[in-house]
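Below is one structure, written out as structure tokens, with a few remarks after it.
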Amino acid sequence: MHDSPAELGATLRAWRDRLTPAAVGLPSGRVRRAPGLRREELAQLAGLSVDYVVRLEQGRSTTPSPQVVAALARALQLGDGERDHLYRLSGLAPPAEGEISDHITPGLHRVLNRLGDTAVALFAADWQLIWWNRCWAALLGDPSAAPAERRNFARATFPVNGETPALSDREVRSSRPDAVAAAIVSDLRQATGRFPHSRRLLRLIRTLEEGNERFAALWAEGAVGAHREDHKVIHHPSIGPIELDCDVVTEGDADRKIVILTAAPDSEDEIKLRLALLADAAAG
């Protein structure tokens with residue numbers, strides 16, 4: 001199944017070169033020698049080190065993990081066929097049919113990038129965080145610092161064995177925490193109907209059942225539904241509390257969830273949201 005390391009590196013370079021900064025929501029910046037992404041930009045988008053991207057492209061690293069391959073496929077906006085080819089070049093089997101997918105189609109990428117300075121994140125059907133924009137990171141903190149398996153909204157809602165939620169390093173309060181918790185559980189049950197053979201989903205549910213009594217009690221009720229909206233207060237370290245509406249839009253057969261945080265137009269909170277983005281840009 002494994003092709004030559006040189007082919008893996010050459011393919012990654014070709015896909016990086018064809019993707020413009022504008023296509024992934026990055027500024028073009030200073031004059032470029034080539035129109036494609038720089039290595040450091042690909043590394044940033046995939047949550048990898050620049051050195052590791054260099055080693056992959058030069059053929060000095062030839063066995064990336066499934067998590068790394070999935071992150072590269074998302075960052076490079078690969079279609080399904082190209083994604084599967086990248087898995088095979090890496091010596092891995094493509095994701096099994098019926099498993100929850102973290103893949104983001106190029107069309108969905110374009111839609112997300114056009115949302116501009118709105119705080120947006122994309123979650124898989126099991127509430128695994130798979131994409132976020134810089135406004136989301138400015139508001140809630142950069143999730144890339146947390147281990148990938150911990151970037152899950154269900155696990156943040158129902159901590160296992162006292163673990164600290166890893167989706168945000170800021171205090172986030174919901175106006176209806178009990179309703180949101182119940183909605184997340186019923187949404188996961190709905191996902192089991194859509195993905196009955198997903199080992200990842202079943203493993204998550206088993207972990208939550210065994211590690212969180214509140215989840216286990218709600219799961220036993222058997223409710224089926226979806227999480228659609230909430231009102232949140234996010235305590236930003238330099239701006240203070242920001243009140244935001246949280247809306248959830250389900251996309252496509254894969255049941256991916258687009259989560260959008262917005263402030264009321266012409267409100268003090270809308271100004272605070274803009275200040276949070278400016279503060280993050282200045283810090284960066």
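Each chain in the structure tokens gets a letter, A, B, ..., in the order shown, and its residues are numbered from 1; ligands are numbered from 1 in order too.
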Ala263 (chain A) surroundings by only C-alpha atoms, 7 Å radius, close-in-sequence under 2 positions cut, as a PyMOL selection string: chain A and resi 243-245+265+269-270
Output N, CA and C atoms for every residue in that selection, as an mmCIF file, in the first residue's frame.
```
data_model
loop_
_atom_site.group_PDB
_atom_site.id
_atom_site.type_symbol
_atom_site.label_atom_id
_atom_site.label_comp_id
_atom_site.auth_asym_id
_atom_site.auth_seq_id
_atom_site.Cartn_x
_atom_site.Cartn_y
_atom_site.Cartn_z
ATOM 1 N N GLU A 243 -21.486 38.808 25.524
ATOM 2 C CA GLU A 243 -22.701 38.013 25.336
ATOM 3 C C GLU A 243 -22.912 37.740 23.852
ATOM 4 N N LEU A 244 -23.145 36.485 23.536
ATOM 5 C CA LEU A 244 -23.241 36.069 22.141
ATOM 6 C C LEU A 244 -24.357 35.053 21.946
ATOM 7 N N ASP A 245 -24.956 35.091 20.769
ATOM 8 C CA ASP A 245 -25.886 34.041 20.360
ATOM 9 C C ASP A 245 -25.094 32.939 19.685
ATOM 10 N N PRO A 265 -26.562 43.095 16.561
ATOM 11 C CA PRO A 265 -26.051 44.214 15.759
ATOM 12 C C PRO A 265 -26.060 45.526 16.538
ATOM 13 N N ASP A 269 -21.714 44.418 22.841
ATOM 14 C CA ASP A 269 -21.064 43.124 22.675
ATOM 15 C C ASP A 269 -20.475 42.959 21.284
ATOM 16 N N GLU A 270 -21.107 43.542 20.275
ATOM 17 C CA GLU A 270 -20.525 43.491 18.928
ATOM 18 C C GLU A 270 -19.206 44.243 18.893
#
```
Can you write out as JSON lines which residues of region 89-139 of chain A fall within 8 Å of region 61-70 of chain A, alongside each residue's closest atom pair and its distance in Å to one decimal, counting only C-alpha atoms and ordering rows by chain and ascending residue number?
```
{"residue": "A:Ser90", "atom": "CA", "partner": "A:Thr63", "partner_atom": "CA", "distance": 5.7}
{"residue": "A:Gly91", "atom": "CA", "partner": "A:Thr63", "partner_atom": "CA", "distance": 6.9}
{"residue": "A:Leu92", "atom": "CA", "partner": "A:Pro66", "partner_atom": "CA", "distance": 7.3}
{"residue": "A:Asp102", "atom": "CA", "partner": "A:Ala70", "partner_atom": "CA", "distance": 7.2}
{"residue": "A:His103", "atom": "CA", "partner": "A:Ala70", "partner_atom": "CA", "distance": 7.1}
```
message: Could you check the closest approach to Ala119 (chain A) for each of A:Ser49, A:Thr20, A:Gln190, A:Thr262 and tell me which residue wins, using only C-alpha atoms?
response: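 When distances to Ala119 (chain A) are compared using only C-alpha atoms, the smallest one comes from A:Thr262.
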Would you kindly return, as a PDB file with C-alpha atoms, in the first residue's frame, each protein, DNA or RNA residue with an atom no farther than 8 Å from any atom of region 198-206 of chain A, considering only C-alpha atoms and excluding same-chain residues fewer than 5 positions away?
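Writing the result to out36.pdb gives the following:
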```
ATOM      1  CA  GLY A  98     -19.706   4.123   7.730  1.00  0.00           C
ATOM      2  CA  GLU A  99     -17.187   5.787  10.048  1.00  0.00           C
ATOM      3  CA  ILE A 100     -17.711   9.419  11.026  1.00  0.00           C
ATOM      4  CA  ASP A 126     -19.741  13.168  17.298  1.00  0.00           C
ATOM      5  CA  THR A 192     -25.802   6.454  16.341  1.00  0.00           C
TER       6      THR A 192
END
```
task: Could you please write out, as number ranges by chain, every residue of region 36-277 of chain A that DSSP assigns to strand (DSSP E or B)?
output: A: 119-123, 128-132, 152, 172-174, 229-236, 240-251, 256-262
message: Let me make sure I understand: among A:Ile104, A:Leu42, A:Val249, A:Ala183, which one has the smallest atom-to-atom distance to Glu221 (chain A) if we use only C-alpha atoms?
response: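 That would be A:Ala183, the residue with the smallest distance to Glu221 (chain A).
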task: Write out as a PyMOL selection string which residues come within 6 Å of region 163-178 of chain A when counting only C-alpha atoms, dropping same-chain ones fewer than 6 positions away.
output: chain A and resi 140-141+143+146+150-151+156+231-235
